[in-house]
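Colleague: What follows is final.txt, compact mmCIF, C-alpha atoms.
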# COMPACT_ATOMS: atom_id res chain seq x y z
CA MET A 1 -85.35 5.53 166.98
CA ASN A 2 -83.77 8.77 167.94
CA LYS A 3 -81.54 9.41 164.94
CA ILE A 4 -79.66 12.32 166.47
CA VAL A 5 -78.31 10.01 169.18
CA LEU A 6 -76.98 7.73 166.45
CA ILE A 7 -75.42 10.70 164.65
CA LEU A 8 -73.61 11.73 167.82
CA ALA A 9 -72.53 8.14 168.49
CA VAL A 10 -70.99 7.87 165.01
CA THR A 11 -69.17 11.16 165.52
CA ILE A 12 -67.84 10.14 168.93
CA ALA A 13 -66.74 6.79 167.53
CA MET A 14 -64.77 8.61 164.83
CA ILE A 15 -62.93 10.66 167.42
CA CYS A 16 -62.33 7.70 169.74
CA SER A 17 -60.97 5.60 166.88
CA ALA A 18 -57.98 7.92 166.80
CA GLY A 19 -56.60 6.15 169.85
CA CYS A 20 -54.99 7.72 172.87
CA VAL A 21 -53.51 11.13 172.40
CA SER A 22 -51.09 12.91 174.64
CA THR A 23 -51.43 16.60 173.73
CA SER A 24 -54.05 18.81 172.14
CA ASN A 25 -51.74 19.14 169.12
CA ASP A 26 -52.45 15.49 168.33
CA ILE A 27 -56.08 16.20 167.47
CA ILE A 28 -55.43 19.30 165.37
CA GLY A 29 -56.00 18.64 161.70
CA THR A 30 -58.54 17.06 159.38
CA TRP A 31 -60.31 13.81 160.28
CA THR A 32 -62.28 11.99 157.58
CA SER A 33 -64.65 9.08 158.12
CA GLU A 34 -64.71 6.01 155.95
CA ASN A 35 -67.56 5.83 153.45
CA ILE A 36 -70.85 5.77 155.33
CA THR A 37 -73.65 3.55 154.06
CA ASP A 38 -76.22 3.65 156.88
CA PHE A 39 -76.10 7.17 158.33
CA PRO A 40 -79.47 8.34 159.70
CA ALA A 41 -79.47 11.57 157.68
CA GLN A 42 -80.38 10.66 154.14
CA ASN A 43 -77.64 10.50 151.49
CA VAL A 44 -74.72 11.39 153.80
CA THR A 45 -71.70 9.39 152.62
CA GLN A 46 -68.88 10.90 154.67
CA ILE A 47 -68.13 13.19 157.63
CA VAL A 48 -65.10 15.47 157.72
CA ILE A 49 -64.11 17.13 160.99
CA ILE A 50 -61.46 19.85 161.18
CA PHE A 51 -59.95 20.71 164.57
CA ASP A 52 -58.15 24.06 164.49
CA PRO A 53 -55.46 25.11 167.03
CA ASP A 54 -57.74 27.89 168.39
CA ARG A 55 -60.15 25.21 169.71
CA LYS A 56 -62.60 25.89 166.89
CA GLY A 57 -63.31 23.90 163.77
CA THR A 58 -65.97 22.51 161.47
CA GLU A 59 -67.93 19.31 160.98
CA THR A 60 -68.95 18.73 157.36
CA TRP A 61 -71.49 16.20 156.15
CA VAL A 62 -70.75 15.19 152.56
CA TYR A 63 -73.76 14.03 150.51
CA ASN A 64 -73.76 11.54 147.64
CA ASN A 65 -74.59 14.35 145.19
CA GLY A 66 -71.49 16.32 146.26
CA GLY A 67 -73.43 18.73 148.45
CA ARG A 68 -72.07 19.67 151.88
CA TYR A 69 -73.57 20.80 155.18
CA VAL A 70 -71.04 22.56 157.43
CA SER A 71 -71.44 23.17 161.17
CA ASN A 72 -69.06 25.30 163.23
CA ILE A 73 -67.73 23.57 166.35
CA SER A 74 -65.78 24.39 169.50
CA TRP A 75 -63.64 21.69 171.13
CA ILE A 76 -61.94 21.01 174.48
CA GLU A 77 -59.47 18.53 175.92
CA ASN A 78 -60.85 16.78 179.00
CA ASP A 79 -58.79 16.09 182.14
CA ASP A 80 -58.45 12.43 181.16
CA GLY A 81 -56.88 13.23 177.76
CA SER A 82 -60.07 12.63 175.76
CA TYR A 83 -61.70 15.31 173.63
CA ALA A 84 -65.22 16.66 173.28
CA TYR A 85 -66.76 19.12 170.89
CA ALA A 86 -70.07 20.89 170.52
CA TYR A 87 -71.79 22.65 167.69
CA ASP A 88 -71.68 26.40 168.05
CA SER A 89 -75.00 27.66 169.33
CA TRP A 90 -77.92 29.41 167.76
CA GLN A 91 -78.91 32.76 169.16
CA THR A 92 -82.13 32.44 171.12
CA THR A 93 -84.43 35.19 172.34
CA ILE A 94 -86.57 34.58 175.43
CA SER A 95 -90.01 36.17 175.66
CA GLU A 96 -90.62 38.83 178.28
CA GLY A 97 -92.59 36.38 180.44
CA GLY A 98 -89.85 33.73 180.18
CA THR A 99 -92.14 31.04 178.81
CA MET A 100 -91.30 31.08 175.10
CA THR A 101 -88.13 31.32 172.99
CA CYS A 102 -87.38 31.78 169.32
CA ASP A 103 -84.00 30.95 167.76
CA ASP A 104 -82.35 32.63 164.79
CA ASP A 105 -83.63 29.83 162.51
CA GLY A 106 -87.23 30.71 163.43
CA ARG A 107 -87.88 27.67 165.62
CA VAL A 108 -90.25 28.47 168.49
CA PHE A 109 -89.95 26.66 171.85
CA VAL A 110 -92.15 26.67 174.97
CA ARG A 111 -90.87 26.09 178.49
CA ASP A 112 -91.91 22.64 179.77
CA GLU A 113 -90.00 22.84 183.05
CA GLY A 114 -88.07 25.47 184.97
CA ASP A 115 -88.65 28.83 186.57
CA PRO A 116 -89.49 31.57 184.01
CA LYS A 117 -87.33 33.94 186.10
CA SER A 118 -84.25 31.67 185.71
CA GLY A 119 -83.42 32.77 182.18
CA TYR A 120 -82.82 29.91 179.78
CA VAL A 121 -82.33 27.20 182.44
CA GLY A 122 -85.05 24.56 182.05
CA ILE A 123 -86.57 22.23 179.47
CA TRP A 124 -87.85 23.69 176.22
CA THR A 125 -89.77 21.91 173.41
CA THR A 126 -90.64 23.11 169.92
CA ILE A 127 -94.28 23.99 169.38
CA ARG A 128 -94.37 22.08 166.09
CA GLU A 129 -92.22 19.78 163.96
CA TYR A 130 -89.42 21.27 161.86
CA GLU A 131 -88.01 19.82 158.65
CA TYR A 132 -84.32 19.05 158.29
CA ASN A 133 -83.02 17.12 155.26
CA GLY A 134 -86.49 15.86 154.42
CA ILE A 135 -87.21 14.54 157.93
CA LEU A 136 -89.58 16.18 160.42
CA TYR A 137 -88.24 16.63 163.96
CA THR A 138 -89.44 17.89 167.30
CA ILE A 139 -86.66 19.39 169.39
CA THR A 140 -86.24 19.39 173.16
CA ASN A 141 -83.49 21.49 174.72
CA GLU A 142 -82.48 20.77 178.30
CA ILE A 143 -80.44 23.71 179.59
CA TYR A 144 -78.66 23.35 182.95
CA ALA A 145 -77.55 25.99 185.47
CA ASP A 146 -73.85 25.24 184.76
CA ASN A 147 -74.29 26.53 181.17
CA THR A 148 -74.33 23.06 179.62
CA GLY A 149 -77.23 21.21 178.07
CA VAL A 150 -78.56 18.68 175.62
CA SER A 151 -80.51 19.16 172.41
CA ILE A 152 -82.60 16.12 171.52
CA TRP A 153 -84.03 15.86 167.99
CA THR A 154 -86.74 13.22 167.62
CA ASP A 155 -88.16 12.22 164.25
Once more with this new file: its structure as structure tokens, please.

Modeller:
Amino acid sequence: MNKIVLILAVTIAMICSAGCVSTSNDIIGTWTSENITDFPAQNVTQIVIIFDPDRKGTETWVYNNGGRYVSNISWIENDDGSYAYAYDSWQTTISEGGTMTCDDDGRVFVRDEGDPKSGYVGIWTTIREYEYNGILYTITNEIYADNTGVSIWTD
């Protein structure tokens, strides 16, 4: 099962459980999940999301040993009054031929689809598995021409 999809679903459910909101000021603040017992990432017991007024914030995974993993986020208010946020990106360098990338965490990707002359637009897959929290993942990044995309982590 694709655990990253479940992680995102839990996060979205946390935001949606806040109910309808009328202004972006309603989301600003700290949001804390209930105790988590079946999160896909091992030993995560709680998630804390902070939405700052400058449309930035953090998502923190709290582990049962007290450890924390913090990701920086950027958030927006959609036209329908809902909210969305994304993790701030890693810097990625594309090879001269446009067929390989390397991010600032040392993960190497090859282009599966897309024109090498189109920059980062296309589908990229890691050349090997990478460990995160004791689980090995392959990563596929789908980058679209409108500067959006999806990062899929498969264990």

Colleague: Within 8 Å of Glu59 (chain A), counting all atoms listed in the file, which residues show up once you throw out same-chain ones fewer than 6 positions away? Write them as a list in words, please.

Modeller: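 Once the nearby chain positions are removed, what remains is Ile47, Val48, Ile49, Ile50, Val70, Ser71, Asn72 and Ile73 of chain A.
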
Colleague: Would you compute the distance between CA of Gln91 (chain A) and CA of Trp61 (chain A)? Give it in Å to one decimal.

Modeller: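 Going from CA of Gln91 (chain A) over to CA of Trp61 (chain A), I get 22.3 Å.
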
Colleague: Using Å and a single decimal, report how far CA of Thr93 (chain A) sits from CA of Asp52 (chain A).

Modeller: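 Separation of CA of Asp52 (chain A) and CA of Thr93 (chain A): 29.6 Å.
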
Colleague: Rounded to one decimal place, report the CA of Ser95 (chain A)-CA of Thr148 (chain A) distance in Å.

Modeller: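 For CA of Ser95 (chain A) relative to CA of Thr148 (chain A), the distance reads 20.8 Å.
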
Colleague: If we draw a sphere of 12 Å around (-92.7, 19.3, 162.2), which residues have at least one atom in it when counting all atoms listed in the file? Please report them as a list in words.

Modeller: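 In the file's frame, the residues around the point are Arg107, Val108, Thr125, Thr126, Ile127, Arg128, Glu129, Tyr130, Glu131, Tyr132, Gly134, Ile135, Leu136, Tyr137, Thr138, Ile139, Trp153, Thr154 and Asp155 of chain A.
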
Colleague: Which residue is closest to Thr99 (chain A)? Choose from A:Val150, A:Val121, A:Ile27, A:Ala145 and count all atoms listed in the file.

Modeller: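 Closest to Thr99 (chain A) of all the choices is A:Val121.
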
Colleague: Given all atoms listed in the file as the basis, pick out the residue of A:Thr37, A:Thr32, A:Asn133, A:Arg55 nearest to Tyr69 (chain A).

Modeller: A:Asn133

Colleague: In the coordinate frame of the file, compute which residues have an atom within 10 Å of (-92.7, 30.6, 188.4) when using only C-alpha atoms, and state them as a VMD selection string.

Modeller: chain A and resid 97 to 99 113 to 118

Colleague: So, counting all atoms listed in the file, which residue among A:Thr58, A:Thr140, A:Asn25, A:Gly119 is closest to Gly81 (chain A)?

Modeller: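 Going through A:Thr58, A:Thr140, A:Asn25, A:Gly119 one by one, the smallest distance to Gly81 (chain A) is for A:Asn25.
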
Colleague: Looking at A:Tyr144, A:Tyr120, A:Trp75, A:Phe39, which one is nearest to Cys102 (chain A), with distances taken over only C-alpha atoms?

Modeller: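 Ranked by minimum distance to Cys102 (chain A), first place goes to A:Tyr120.
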
Colleague: What lies within 10 Å of Asn43 (chain A) using all atoms listed in the file, ignoring chain neighbours under 5 positions off, as a list in words?

Modeller: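 The residues that qualify are Ile36, Thr37, Asp38, Trp61, Val62, Tyr63, Asn64, Asn65, Gly66, Gly67 and Asn133 of chain A.
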
Colleague: Which residue is closest to Ile28 (chain A)? Choose from A:Gln46, A:Thr60, A:Ile76, A:Thr92 and count all atoms listed in the file.

Modeller: A:Ile76

Colleague: Smallest atom-to-atom distance to Asp103 (chain A): which of A:Ala86, A:Asp79, A:Asn141, A:Ile123, using only C-alpha atoms?

Modeller: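 Residue with the minimum atom-to-atom distance to Asp103 (chain A): A:Asn141.
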